[in-house]
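To start, the structure under review is shown below, and the notes come after it.
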Amino acid sequence: MEKASKKLDINDQALIDKINAGDFQAFEALVNRYEGKVYRLATRMLRNQQDAEDALQETFLQVYRGLNSFEGRSNFSTWLFRLATNVCLMKIRHRGTEPAGMLPLEDYLPRHENGEHPVIQEWPEKPEEILLSKESREKMMEALEKLPPEYRAVFVLRDIEGFSNSEAGETLGISVAAVKSRLHRARLALRGMLAEYFEKGKGAGPTFVEN
Amino acid sequence: MTEDYKDKEAQSFECEGMECKQILEKLSEYIDGELDPQICKDLEKHMQDCHPCLLFIDSLKKTITLFKYTASEPLPQEVHLRLHDYLRKECKGC
């Protein structure tokens with residue numbers, strides 16, 4: 001990803017120079033380049049398609065208005081994704097219905113206490129085949145939505161968009177250590193939620209018994 | 001010593017070296033290839049003997065893979081068109 005973004009950066013800067021000189025077609029070319037990624041980020045963050053589309057439009061309007069002040073200290077894509085993530089987080093805050101703080105995560109984290117072992121069922125060999133069903137995709141989006149927004153943002157950038165730890169940290173304005181810690185907890189929580197789904201019918205969620 | 005305690009002791013012998021709880025804390029770094037090589041070795045040794053940990057890491061890897069697979073949906077054409085219409089209108093006055 002880093003290689004690809006470096007290559008794109010040269011073109012990004014050339015487009016930005018044209019946009020700043022008043023070339024609107026260059027702006028449309030820049031939008032074309034990133035609209036898919038921003039929309040995907042927004043749909044993962046917000047789930048609701050209308051909200052995601054609103055976030056997409058708002059983000060690129062902010063880009064257009066802010067390009068004059070973009071000083072190129074970071075990659076354009078990092079700056080863009082910072083704007084997009086902030087737009088999404090703001091929308092989530094305005095909803096006021098998101099899980100608060102870290103509490104919901106705890107329900108899905110495995111606990112090893114005093115030699116107790118979790119009961120873990122084997123998952124399907126090729127779980128991606130399950131994605132062919134609409135129900136499975138819905139379950140996954142539901143799970144993502146249950147993560148606190150700050151954790152969801154880290155997971156989406158790192159594991160879905162393929163950002164490195166430092167790129168995700170720069171985008172979100174947090175340290176690499178914080179990225180790693182949130183990512184780990186987000187992954188564990190998502191695993192726990194999906195385990196409930198994959199193991200449905202076998203009578204086992206993320207429950208724990210003594211050996 | 002109760003039978004229960006003995007069982008737990010036996011379990012901890014089974015998973016000699018690192019404990020399951022320590023393994024859990026390191027799994028993301030392990031998956032991402034960011035773990036110190038010695039700890040990595042200890043972790044792999046632990047997993048040879050600890051089936052629950054092995055299944056757990058397998059399901060964690062699959063979780064990540066599943067979400068990656070969902071990332072390939074293209075931008076709907078109508079959303080693309082509405083975005084460009086919106087920007088043409090809104091940016092005029094900028």
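Here, A, B, ... name the chains of the structure tokens in the order displayed, residue numbers run from 1 inside each chain, and ligands are numbered from 1 in the same displayed order.
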- Task: Write down, as a ChimeraX atom specification, each residue of chain B that has any atom within 8 Å of an atom of chain A, counting only C-alpha atoms.
- Result: /B:7-9,11-12,20-21,27-28,52,55-56,58-60,62-71,73-75,79-80,83-84,86-87,90-91,94
- Picked from region 10-203 of chain A by DSSP as helix (DSSP H, G or I), as a PyMOL selection string: chain A and resi 10-20+24-46+49-69+76-95+103-106+127-132+134-146+149-160+165-172+176-198
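Using only C-alpha atoms, the protein and nucleic acid residues lying no more than 7 Å from Ala84 (chain A), apart from those fewer than 4 places from it along its own chain, are Val38, Thr59, Leu80 and Cys88 of chain A.
Taking CA of Glu25 (chain B) and CA of Lys61 (chain B) as endpoints, the distance between them is 14.6 Å.
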